[in-house]
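Peer 1: File name coords38.pdb; file contents PDB, C-alpha atoms; full text below.
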ATOM      1  CA  MET X   1     -19.787   0.694 -22.444  1.00  0.00           C
ATOM      2  CA  SER X   2     -19.618  -2.644 -20.635  1.00  0.00           C
ATOM      3  CA  LEU X   3     -16.958  -3.197 -18.016  1.00  0.00           C
ATOM      4  CA  TYR X   4     -16.052  -6.436 -19.798  1.00  0.00           C
ATOM      5  CA  LYS X   5     -15.413  -4.638 -23.076  1.00  0.00           C
ATOM      6  CA  ASN X   6     -12.691  -2.699 -21.257  1.00  0.00           C
ATOM      7  CA  ILE X   7     -11.155  -5.893 -19.912  1.00  0.00           C
ATOM      8  CA  LYS X   8      -7.849  -5.564 -21.778  1.00  0.00           C
ATOM      9  CA  ARG X   9      -6.890  -2.410 -19.879  1.00  0.00           C
ATOM     10  CA  ILE X  10      -8.816  -2.934 -16.661  1.00  0.00           C
ATOM     11  CA  VAL X  11      -7.324  -6.340 -15.912  1.00  0.00           C
ATOM     12  CA  MET X  12      -3.815  -5.003 -16.345  1.00  0.00           C
ATOM     13  CA  LEU X  13      -4.569  -2.185 -13.902  1.00  0.00           C
ATOM     14  CA  ILE X  14      -6.330  -4.541 -11.506  1.00  0.00           C
ATOM     15  CA  ALA X  15      -3.218  -6.699 -11.552  1.00  0.00           C
ATOM     16  CA  PHE X  16      -1.665  -3.965  -9.411  1.00  0.00           C
ATOM     17  CA  LEU X  17      -4.548  -3.650  -7.066  1.00  0.00           C
ATOM     18  CA  LEU X  18      -6.226  -6.805  -5.911  1.00  0.00           C
ATOM     19  CA  THR X  19      -5.089  -8.460  -2.785  1.00  0.00           C
ATOM     20  CA  LEU X  20      -6.117  -9.160   0.675  1.00  0.00           C
ATOM     21  CA  GLY X  21      -8.511  -8.502   3.412  1.00  0.00           C
ATOM     22  CA  ALA X  22      -9.085 -10.785   6.360  1.00  0.00           C
ATOM     23  CA  CYS X  23     -11.144 -13.057   8.536  1.00  0.00           C
ATOM     24  CA  LYS X  24     -13.766 -10.538   9.637  1.00  0.00           C
ATOM     25  CA  SER X  25     -14.672  -6.961   8.795  1.00  0.00           C
ATOM     26  CA  THR X  26     -13.441  -4.474  11.406  1.00  0.00           C
ATOM     27  CA  LYS X  27     -13.267  -0.744  11.804  1.00  0.00           C
ATOM     28  CA  SER X  28     -10.598   0.999   9.779  1.00  0.00           C
ATOM     29  CA  ILE X  29      -7.430   1.813  11.688  1.00  0.00           C
ATOM     30  CA  THR X  30      -7.090   5.486  12.540  1.00  0.00           C
ATOM     31  CA  GLY X  31      -5.021   7.614  14.866  1.00  0.00           C
ATOM     32  CA  GLY X  32      -1.370   7.767  15.705  1.00  0.00           C
ATOM     33  CA  GLU X  33       0.832  10.799  16.149  1.00  0.00           C
ATOM     34  CA  VAL X  34       3.912  11.585  14.112  1.00  0.00           C
ATOM     35  CA  ASN X  35       7.288  11.939  15.782  1.00  0.00           C
ATOM     36  CA  SER X  36       9.302  14.594  13.973  1.00  0.00           C
ATOM     37  CA  LYS X  37      12.505  13.278  15.550  1.00  0.00           C
ATOM     38  CA  LEU X  38      12.356   9.924  13.755  1.00  0.00           C
ATOM     39  CA  SER X  39      14.968   9.489  11.053  1.00  0.00           C
ATOM     40  CA  ALA X  40      14.174   8.153   7.591  1.00  0.00           C
ATOM     41  CA  LYS X  41      16.046   4.964   8.489  1.00  0.00           C
ATOM     42  CA  ASN X  42      13.896   4.426  11.604  1.00  0.00           C
ATOM     43  CA  ILE X  43      10.702   5.021   9.626  1.00  0.00           C
ATOM     44  CA  ILE X  44      11.753   2.530   6.950  1.00  0.00           C
ATOM     45  CA  ASN X  45      12.768  -0.108   9.514  1.00  0.00           C
ATOM     46  CA  ALA X  46       9.382   0.266  11.233  1.00  0.00           C
ATOM     47  CA  HIS X  47       7.630  -0.187   7.893  1.00  0.00           C
ATOM     48  CA  TYR X  48       9.360  -3.499   7.209  1.00  0.00           C
ATOM     49  CA  SER X  49       8.884  -4.792  10.751  1.00  0.00           C
ATOM     50  CA  ASN X  50       5.097  -4.617  10.316  1.00  0.00           C
ATOM     51  CA  GLN X  51       4.509  -7.079   7.485  1.00  0.00           C
ATOM     52  CA  PRO X  52       1.346  -9.244   7.384  1.00  0.00           C
ATOM     53  CA  LYS X  53       1.824 -12.955   7.971  1.00  0.00           C
ATOM     54  CA  PHE X  54      -0.507 -15.290   6.094  1.00  0.00           C
ATOM     55  CA  LYS X  55      -0.457 -18.141   3.577  1.00  0.00           C
ATOM     56  CA  THR X  56      -3.751 -17.907   1.701  1.00  0.00           C
ATOM     57  CA  LEU X  57      -6.815 -15.686   1.471  1.00  0.00           C
ATOM     58  CA  ARG X  58     -10.211 -15.773  -0.178  1.00  0.00           C
ATOM     59  CA  GLY X  59     -13.173 -13.432  -0.326  1.00  0.00           C
ATOM     60  CA  ARG X  60     -14.822 -10.767  -2.467  1.00  0.00           C
ATOM     61  CA  VAL X  61     -13.738  -7.380  -3.745  1.00  0.00           C
ATOM     62  CA  LYS X  62     -16.014  -4.620  -5.020  1.00  0.00           C
ATOM     63  CA  ILE X  63     -14.379  -2.762  -7.906  1.00  0.00           C
ATOM     64  CA  ASP X  64     -15.635   0.637  -9.035  1.00  0.00           C
ATOM     65  CA  TYR X  65     -14.025   1.746 -12.302  1.00  0.00           C
ATOM     66  CA  ALA X  66     -14.229   5.126 -14.041  1.00  0.00           C
ATOM     67  CA  ASN X  67     -12.584   6.397 -17.221  1.00  0.00           C
ATOM     68  CA  GLY X  68     -13.984   9.559 -18.789  1.00  0.00           C
ATOM     69  CA  ASP X  69     -17.734   9.127 -19.236  1.00  0.00           C
ATOM     70  CA  ASP X  70     -17.505   5.380 -18.631  1.00  0.00           C
ATOM     71  CA  SER X  71     -18.087   4.120 -15.077  1.00  0.00           C
ATOM     72  CA  GLN X  72     -18.910   0.593 -13.929  1.00  0.00           C
ATOM     73  CA  GLY X  73     -18.980  -1.484 -10.771  1.00  0.00           C
ATOM     74  CA  VAL X  74     -18.495  -5.213 -10.341  1.00  0.00           C
ATOM     75  CA  ASN X  75     -17.933  -7.702  -7.528  1.00  0.00           C
ATOM     76  CA  VAL X  76     -15.271 -10.361  -8.034  1.00  0.00           C
ATOM     77  CA  SER X  77     -14.209 -13.440  -6.138  1.00  0.00           C
ATOM     78  CA  LEU X  78     -10.597 -13.319  -5.031  1.00  0.00           C
ATOM     79  CA  ARG X  79      -8.188 -16.040  -3.976  1.00  0.00           C
ATOM     80  CA  MET X  80      -4.516 -15.662  -3.242  1.00  0.00           C
ATOM     81  CA  GLU X  81      -1.565 -17.741  -2.138  1.00  0.00           C
ATOM     82  CA  LYS X  82       1.096 -15.356  -0.912  1.00  0.00           C
ATOM     83  CA  ASP X  83       4.149 -15.093  -3.171  1.00  0.00           C
ATOM     84  CA  LYS X  84       2.661 -17.638  -5.603  1.00  0.00           C
ATOM     85  CA  VAL X  85      -0.657 -16.768  -7.234  1.00  0.00           C
ATOM     86  CA  ILE X  86      -3.467 -14.190  -7.426  1.00  0.00           C
ATOM     87  CA  TRP X  87      -6.762 -15.508  -8.866  1.00  0.00           C
ATOM     88  CA  MET X  88      -9.943 -13.569  -9.687  1.00  0.00           C
ATOM     89  CA  SER X  89     -13.316 -14.504 -11.144  1.00  0.00           C
ATOM     90  CA  ALA X  90     -16.161 -12.202 -12.209  1.00  0.00           C
ATOM     91  CA  PRO X  91     -19.772 -13.390 -11.720  1.00  0.00           C
ATOM     92  CA  LEU X  92     -20.549 -16.676 -13.527  1.00  0.00           C
ATOM     93  CA  GLY X  93     -16.869 -16.946 -14.504  1.00  0.00           C
ATOM     94  CA  VAL X  94     -17.375 -14.515 -17.405  1.00  0.00           C
ATOM     95  CA  VAL X  95     -13.845 -13.227 -16.796  1.00  0.00           C
ATOM     96  CA  LYS X  96     -11.091 -15.072 -14.962  1.00  0.00           C
ATOM     97  CA  VAL X  97      -7.612 -13.829 -14.079  1.00  0.00           C
ATOM     98  CA  HIS X  98      -4.578 -15.881 -13.033  1.00  0.00           C
ATOM     99  CA  ILE X  99      -1.354 -14.092 -12.035  1.00  0.00           C
ATOM    100  CA  THR X 100       1.863 -15.845 -10.984  1.00  0.00           C
ATOM    101  CA  PRO X 101       5.478 -14.671 -10.608  1.00  0.00           C
ATOM    102  CA  ASN X 102       6.088 -15.727 -14.223  1.00  0.00           C
ATOM    103  CA  LYS X 103       2.847 -14.863 -16.005  1.00  0.00           C
ATOM    104  CA  VAL X 104      -0.240 -12.661 -16.231  1.00  0.00           C
ATOM    105  CA  SER X 105      -3.225 -14.452 -17.811  1.00  0.00           C
ATOM    106  CA  PHE X 106      -6.945 -13.820 -18.232  1.00  0.00           C
ATOM    107  CA  TYR X 107      -9.829 -14.838 -20.486  1.00  0.00           C
ATOM    108  CA  ASN X 108     -13.101 -13.155 -21.395  1.00  0.00           C
ATOM    109  CA  LYS X 109     -16.068 -15.335 -22.363  1.00  0.00           C
ATOM    110  CA  LEU X 110     -18.075 -12.429 -23.803  1.00  0.00           C
ATOM    111  CA  GLN X 111     -15.481 -11.751 -26.499  1.00  0.00           C
ATOM    112  CA  ASN X 112     -14.062 -15.314 -26.727  1.00  0.00           C
ATOM    113  CA  GLU X 113     -10.532 -14.015 -26.189  1.00  0.00           C
ATOM    114  CA  TYR X 114      -7.621 -14.457 -23.804  1.00  0.00           C
ATOM    115  CA  PHE X 115      -4.299 -12.904 -22.807  1.00  0.00           C
ATOM    116  CA  ASP X 116      -1.210 -14.825 -21.776  1.00  0.00           C
ATOM    117  CA  GLY X 117       1.993 -12.885 -21.172  1.00  0.00           C
ATOM    118  CA  ASP X 118       4.458 -11.412 -18.710  1.00  0.00           C
ATOM    119  CA  PHE X 119       4.642  -8.148 -16.769  1.00  0.00           C
ATOM    120  CA  SER X 120       6.134  -6.152 -19.646  1.00  0.00           C
ATOM    121  CA  TYR X 121       2.871  -4.319 -20.416  1.00  0.00           C
ATOM    122  CA  LEU X 122       2.559  -3.178 -16.809  1.00  0.00           C
ATOM    123  CA  SER X 123       6.206  -2.179 -16.769  1.00  0.00           C
ATOM    124  CA  ASP X 124       5.760  -0.113 -19.920  1.00  0.00           C
ATOM    125  CA  LEU X 125       2.627   1.502 -18.494  1.00  0.00           C
ATOM    126  CA  LEU X 126       4.521   2.865 -15.497  1.00  0.00           C
ATOM    127  CA  GLY X 127       7.976   3.246 -16.988  1.00  0.00           C
ATOM    128  CA  THR X 128       9.608   1.053 -14.353  1.00  0.00           C
ATOM    129  CA  GLU X 129      10.344  -2.640 -14.278  1.00  0.00           C
ATOM    130  CA  LEU X 130       7.703  -4.634 -12.424  1.00  0.00           C
ATOM    131  CA  ASP X 131       7.466  -8.169 -11.185  1.00  0.00           C
ATOM    132  CA  PHE X 132       5.134 -10.237  -9.012  1.00  0.00           C
ATOM    133  CA  GLU X 133       6.798  -9.122  -5.773  1.00  0.00           C
ATOM    134  CA  LYS X 134       6.399  -5.425  -6.588  1.00  0.00           C
ATOM    135  CA  VAL X 135       2.770  -5.903  -7.563  1.00  0.00           C
ATOM    136  CA  GLN X 136       2.114  -7.843  -4.367  1.00  0.00           C
ATOM    137  CA  ASN X 137       3.756  -5.105  -2.299  1.00  0.00           C
ATOM    138  CA  LEU X 138       1.503  -2.504  -3.870  1.00  0.00           C
ATOM    139  CA  LEU X 139      -1.539  -4.599  -3.046  1.00  0.00           C
ATOM    140  CA  LEU X 140      -0.543  -5.238   0.556  1.00  0.00           C
ATOM    141  CA  GLY X 141       0.086  -1.595   1.373  1.00  0.00           C
ATOM    142  CA  ASN X 142       3.846  -2.065   1.317  1.00  0.00           C
ATOM    143  CA  ALA X 143       6.236   0.164  -0.598  1.00  0.00           C
ATOM    144  CA  VAL X 144       6.339  -1.008  -4.203  1.00  0.00           C
ATOM    145  CA  LEU X 145      10.109  -0.390  -4.264  1.00  0.00           C
ATOM    146  CA  ASP X 146      12.588  -1.651  -1.662  1.00  0.00           C
ATOM    147  CA  LEU X 147      13.149   1.411   0.556  1.00  0.00           C
ATOM    148  CA  ARG X 148      16.186  -0.235   2.118  1.00  0.00           C
ATOM    149  CA  LYS X 149      18.137   0.021  -1.131  1.00  0.00           C
ATOM    150  CA  GLU X 150      17.991   3.799  -1.418  1.00  0.00           C
ATOM    151  CA  LYS X 151      18.612   6.838   0.790  1.00  0.00           C
ATOM    152  CA  PHE X 152      15.640   9.080   1.574  1.00  0.00           C
ATOM    153  CA  ASN X 153      14.901  12.452   3.076  1.00  0.00           C
ATOM    154  CA  SER X 154      12.002  12.444   5.524  1.00  0.00           C
ATOM    155  CA  GLU X 155       9.596  15.113   6.717  1.00  0.00           C
ATOM    156  CA  VAL X 156       6.233  15.342   8.435  1.00  0.00           C
ATOM    157  CA  TYR X 157       3.452  16.163   5.968  1.00  0.00           C
ATOM    158  CA  ASN X 158      -0.283  16.286   6.742  1.00  0.00           C
ATOM    159  CA  GLY X 159       0.089  13.935   9.684  1.00  0.00           C
ATOM    160  CA  THR X 160       2.186  11.376   7.784  1.00  0.00           C
ATOM    161  CA  TYR X 161       5.873  10.590   7.329  1.00  0.00           C
ATOM    162  CA  GLN X 162       6.817  11.611   3.791  1.00  0.00           C
ATOM    163  CA  LEU X 163       9.840  10.026   2.103  1.00  0.00           C
ATOM    164  CA  LYS X 164      11.553  11.344  -1.019  1.00  0.00           C
ATOM    165  CA  PRO X 165      14.766   9.946  -2.550  1.00  0.00           C
ATOM    166  CA  LYS X 166      17.892  11.991  -1.808  1.00  0.00           C
ATOM    167  CA  LYS X 167      19.080  11.359  -5.355  1.00  0.00           C
ATOM    168  CA  ALA X 168      16.620  12.267  -8.112  1.00  0.00           C
ATOM    169  CA  ARG X 169      15.885   9.570 -10.687  1.00  0.00           C
ATOM    170  CA  ASP X 170      16.334  10.304 -14.383  1.00  0.00           C
ATOM    171  CA  LEU X 171      13.160   8.785 -15.840  1.00  0.00           C
ATOM    172  CA  PHE X 172      10.596   8.847 -13.058  1.00  0.00           C
ATOM    173  CA  LYS X 173       9.761  10.296  -9.667  1.00  0.00           C
ATOM    174  CA  ILE X 174       8.618   8.439  -6.564  1.00  0.00           C
ATOM    175  CA  LEU X 175       7.074   9.569  -3.294  1.00  0.00           C
ATOM    176  CA  PHE X 176       5.877   7.648  -0.239  1.00  0.00           C
ATOM    177  CA  GLN X 177       3.729   8.746   2.691  1.00  0.00           C
ATOM    178  CA  LEU X 178       3.469   6.421   5.704  1.00  0.00           C
ATOM    179  CA  GLU X 179       0.742   6.591   8.341  1.00  0.00           C
ATOM    180  CA  PRO X 180       2.112   6.984  11.896  1.00  0.00           C
ATOM    181  CA  LYS X 181       0.170   4.267  13.745  1.00  0.00           C
ATOM    182  CA  ASN X 182       1.596   1.219  11.952  1.00  0.00           C
ATOM    183  CA  PHE X 183       4.024   2.739   9.437  1.00  0.00           C
ATOM    184  CA  LYS X 184       2.024   1.329   6.530  1.00  0.00           C
ATOM    185  CA  ILE X 185       1.826   3.161   3.210  1.00  0.00           C
ATOM    186  CA  ALA X 186      -0.816   5.911   3.237  1.00  0.00           C
ATOM    187  CA  THR X 187      -0.011   7.059  -0.301  1.00  0.00           C
ATOM    188  CA  GLN X 188       2.537   6.038  -2.907  1.00  0.00           C
ATOM    189  CA  GLU X 189       3.136   7.698  -6.240  1.00  0.00           C
ATOM    190  CA  ILE X 190       5.199   6.816  -9.286  1.00  0.00           C
ATOM    191  CA  ALA X 191       5.336   9.353 -12.110  1.00  0.00           C
ATOM    192  CA  GLN X 192       6.957   9.941 -15.504  1.00  0.00           C
ATOM    193  CA  PRO X 193       6.559  13.713 -15.954  1.00  0.00           C
ATOM    194  CA  GLU X 194       8.005  13.758 -19.486  1.00  0.00           C
ATOM    195  CA  ASN X 195       5.399  11.234 -20.663  1.00  0.00           C
ATOM    196  CA  ALA X 196       2.546  12.586 -18.525  1.00  0.00           C
ATOM    197  CA  ARG X 197       2.202   9.234 -16.745  1.00  0.00           C
ATOM    198  CA  GLN X 198       1.387   8.833 -13.082  1.00  0.00           C
ATOM    199  CA  LEU X 199       0.067   6.120 -10.788  1.00  0.00           C
ATOM    200  CA  MET X 200      -1.095   6.972  -7.273  1.00  0.00           C
ATOM    201  CA  ALA X 201      -2.448   4.554  -4.668  1.00  0.00           C
ATOM    202  CA  LYS X 202      -4.116   5.623  -1.412  1.00  0.00           C
ATOM    203  CA  TYR X 203      -4.928   3.209   1.412  1.00  0.00           C
ATOM    204  CA  THR X 204      -7.014   2.773   4.542  1.00  0.00           C
ATOM    205  CA  TYR X 205      -6.388  -0.219   6.791  1.00  0.00           C
ATOM    206  CA  GLN X 206      -7.970  -2.707   9.138  1.00  0.00           C
ATOM    207  CA  ASP X 207      -6.505  -4.838  11.905  1.00  0.00           C
ATOM    208  CA  ILE X 208      -7.262  -8.521  11.422  1.00  0.00           C
ATOM    209  CA  SER X 209      -5.964 -10.841  14.126  1.00  0.00           C
ATOM    210  CA  GLY X 210      -2.914  -8.634  14.559  1.00  0.00           C
ATOM    211  CA  ASN X 211      -2.321  -8.198  10.801  1.00  0.00           C
ATOM    212  CA  VAL X 212      -2.591  -4.676   9.404  1.00  0.00           C
ATOM    213  CA  LEU X 213      -4.159  -5.100   5.961  1.00  0.00           C
ATOM    214  CA  PRO X 214      -5.800  -2.832   3.365  1.00  0.00           C
ATOM    215  CA  ASP X 215      -9.490  -2.116   3.785  1.00  0.00           C
ATOM    216  CA  GLU X 216     -10.053   0.383   0.978  1.00  0.00           C
ATOM    217  CA  VAL X 217      -7.679   1.229  -1.895  1.00  0.00           C
ATOM    218  CA  LYS X 218      -8.087   4.091  -4.333  1.00  0.00           C
ATOM    219  CA  ILE X 219      -6.012   4.010  -7.514  1.00  0.00           C
ATOM    220  CA  VAL X 220      -5.634   6.975  -9.858  1.00  0.00           C
ATOM    221  CA  ALA X 221      -3.753   6.368 -13.141  1.00  0.00           C
ATOM    222  CA  GLU X 222      -2.974   9.121 -15.653  1.00  0.00           C
ATOM    223  CA  GLU X 223      -1.628   8.515 -19.140  1.00  0.00           C
ATOM    224  CA  ALA X 224      -1.570  10.850 -22.154  1.00  0.00           C
ATOM    225  CA  GLY X 225      -4.165  13.116 -20.589  1.00  0.00           C
ATOM    226  CA  GLY X 226      -6.550  10.260 -19.794  1.00  0.00           C
ATOM    227  CA  LEU X 227      -7.604   9.609 -16.197  1.00  0.00           C
ATOM    228  CA  THR X 228      -8.613   6.208 -14.819  1.00  0.00           C
ATOM    229  CA  THR X 229      -9.756   5.635 -11.239  1.00  0.00           C
ATOM    230  CA  ILE X 230     -10.352   2.290  -9.546  1.00  0.00           C
ATOM    231  CA  ASP X 231     -11.778   1.978  -6.033  1.00  0.00           C
ATOM    232  CA  LEU X 232     -11.459  -1.350  -4.231  1.00  0.00           C
ATOM    233  CA  SER X 233     -13.378  -2.500  -1.158  1.00  0.00           C
ATOM    234  CA  PHE X 234     -12.360  -5.792   0.472  1.00  0.00           C
ATOM    235  CA  ARG X 235     -15.157  -7.732   2.146  1.00  0.00           C
ATOM    236  CA  ASN X 236     -15.932 -11.148   3.665  1.00  0.00           C
ATOM    237  CA  LEU X 237     -12.355 -12.323   3.370  1.00  0.00           C
ATOM    238  CA  GLU X 238     -10.753 -15.241   5.159  1.00  0.00           C
ATOM    239  CA  LEU X 239      -7.127 -16.097   5.792  1.00  0.00           C
ATOM    240  CA  ASN X 240      -5.325 -19.425   5.715  1.00  0.00           C
ATOM    241  CA  LYS X 241      -8.127 -21.627   4.370  1.00  0.00           C
ATOM    242  CA  PRO X 242      -7.488 -24.563   1.972  1.00  0.00           C
ATOM    243  CA  MET X 243      -8.262 -23.557  -1.611  1.00  0.00           C
ATOM    244  CA  ASN X 244      -7.504 -24.189  -5.264  1.00  0.00           C
ATOM    245  CA  PHE X 245      -7.145 -21.887  -8.254  1.00  0.00           C
ATOM    246  CA  PRO X 246      -9.043 -23.363 -11.235  1.00  0.00           C
ATOM    247  CA  TYR X 247      -8.004 -21.770 -14.513  1.00  0.00           C
ATOM    248  CA  LYS X 248      -8.126 -23.102 -18.072  1.00  0.00           C
ATOM    249  CA  VAL X 249      -8.584 -21.068 -21.248  1.00  0.00           C
ATOM    250  CA  PRO X 250     -11.526 -22.487 -23.267  1.00  0.00           C
ATOM    251  CA  LYS X 251     -10.673 -23.907 -26.680  1.00  0.00           C
ATOM    252  CA  GLY X 252     -11.069 -21.721 -29.756  1.00  0.00           C
ATOM    253  CA  TYR X 253     -10.465 -18.370 -28.039  1.00  0.00           C
ATOM    254  CA  ASP X 254      -8.470 -15.660 -29.831  1.00  0.00           C
ATOM    255  CA  LYS X 255      -5.223 -14.514 -28.219  1.00  0.00           C
ATOM    256  CA  ILE X 256      -5.028 -10.812 -27.325  1.00  0.00           C
ATOM    257  CA  THR X 257      -1.959  -8.766 -28.177  1.00  0.00           C
ATOM    258  CA  LEU X 258      -1.761  -5.700 -25.957  1.00  0.00           C
ATOM    259  CA  LYS X 259      -0.171  -2.580 -27.432  1.00  0.00           C
TER     260      LYS X 259
END
Take the structure in the file and give it back as structure tokens.

Peer 2:
Amino acid sequence: MSLYKNIKRIVMLIAFLLTLGACKSTKSITGGEVNSKLSAKNIINAHYSNQPKFKTLRGRVKIDYANGDDSQGVNVSLRMEKDKVIWMSAPLGVVKVHITPNKVSFYNKLQNEYFDGDFSYLSDLLGTELDFEKVQNLLLGNAVLDLRKEKFNSEVYNGTYQLKPKKARDLFKILFQLEPKNFKIATQEIAQPENARQLMAKYTYQDISGNVLPDEVKIVAEEAGGLTTIDLSFRNLELNKPMNFPYKVPKGYDKITLK
């Protein structure tokens, strides 16, 4: 089955995933030793003190997608203006995606169709309210939820700092693991056990001009017994270059209603 025929679901998942790289490819960041004496508050403060600083980025992302017997790979062009827009284009502009704080849009030339809506489908998929900021945080290797608004227990687990909420949530469970060198997210999970839904993101990082940014991201999404994996590799990316974000749905396309 063609990757483009799966576009309705893939694009919505990719909306979580695509973001930045940097000026030049470098070796992935490794190392760092955990300090078992650090409190959860200190770990969280260190996480928020190490945020990347940039205005725009552009480059390419290799996406490897697998769902059951279906597996595909594609390279896409990526442009982003932080806090404002994420733009993607498949080869020859066959599929284009345009995401802003108010809207998620894409069109598919192979099926002459387009989607234009908000983040409600993504929110329903994970069972928690999502917005542009939360999606951007997930992409940047930051905690998708604001850790400063909740109290956590911390422990050392497999060479990482693991954070779990002190107060259990009614509808879903969350877990964060932070790597010790830069206190960036190593793994974050959001799950709805009653509905057999789970999203897990694992990261490796690179240091670009003092910015710690994702290098490789592995996403595993489970829903109703189905398993989807998406691997992202960020390459040839540049920061803070002038750019535009061309996007216009061709006339005569059918609007998609996602269910």

Peer 1: Determine, counting only C-alpha atoms, which protein, DNA and RNA residues have an atom within 7 Å of an atom of X:Tyr253; residues of the same chain fewer than 4 positions away are not included. Present the result as a ChimeraX atom specification.

Peer 2: /X:112-114

Peer 1: Using all atoms listed in the file, pick whichever of X:Lys53, X:His47, X:Thr228, X:Val97 has the shortest atom-to-atom distance to X:Ala186.

Peer 2: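 Going through X:Lys53, X:His47, X:Thr228, X:Val97 one by one, the smallest distance to X:Ala186 is for X:His47.
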
Peer 1: Would you please work out which residue, of X:Lys218, X:Lys166, X:Lys103, X:Lys255, is nearest to X:Glu189 when using all atoms listed in the file?

Peer 2: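 Smallest distance to X:Glu189 is found for X:Lys218.
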
Peer 1: Residues within 6 Å of X:Ala221, please, as a PyMOL selection string. Count all atoms listed in the file; anything in the same chain fewer than 2 positions from it doesn't count.

Peer 2: chain X and resi 198-199+227-228

Peer 1: Using the chain letters and numbering of this document, enumerate as number ranges by chain the residues selected by the PyMOL selection byres ((chain X and resi 66-81) around 7).

Peer 2: X: 1, 3, 55-65, 82-91, 227-230

Peer 1: My list of candidates is X:Ile174, X:Ile185, X:Leu145, X:Leu110. Which is closest to X:Leu213 when distances are computed with only C-alpha atoms?

Peer 2: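 Among X:Ile174, X:Ile185, X:Leu145, X:Leu110, it is X:Ile185 that comes nearest to X:Leu213.
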
Peer 1: Out of X:Ile190, X:Val217, X:Ala46, X:Ile208, which residue has the shortest atom-to-atom distance to X:Phe234 when counting all atoms listed in the file?

Peer 2: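 Nearest candidate to X:Phe234 out of X:Ile190, X:Val217, X:Ala46, X:Ile208: X:Val217.
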
Peer 1: Suppose you want the space between atom CA of X:Val34 and atom CA of X:Gln51; what is it in Å?

Peer 2: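 It comes out at 19.8 Å.
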
Peer 1: So, counting only C-alpha atoms, which residue among X:Pro52, X:Gly226, X:Pro242, X:Gly117 is closest to X:Asp207?

Peer 2: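 Looking only at the distances to X:Asp207, the closest residue turns out to be X:Pro52.
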
Peer 1: Selection in question (the file shown): the PyMOL selection byres ((chain X and resi 163) around 6). Which residues does it include, as a ChimeraX atom specification?

Peer 2: /X:152-154,162,164,176
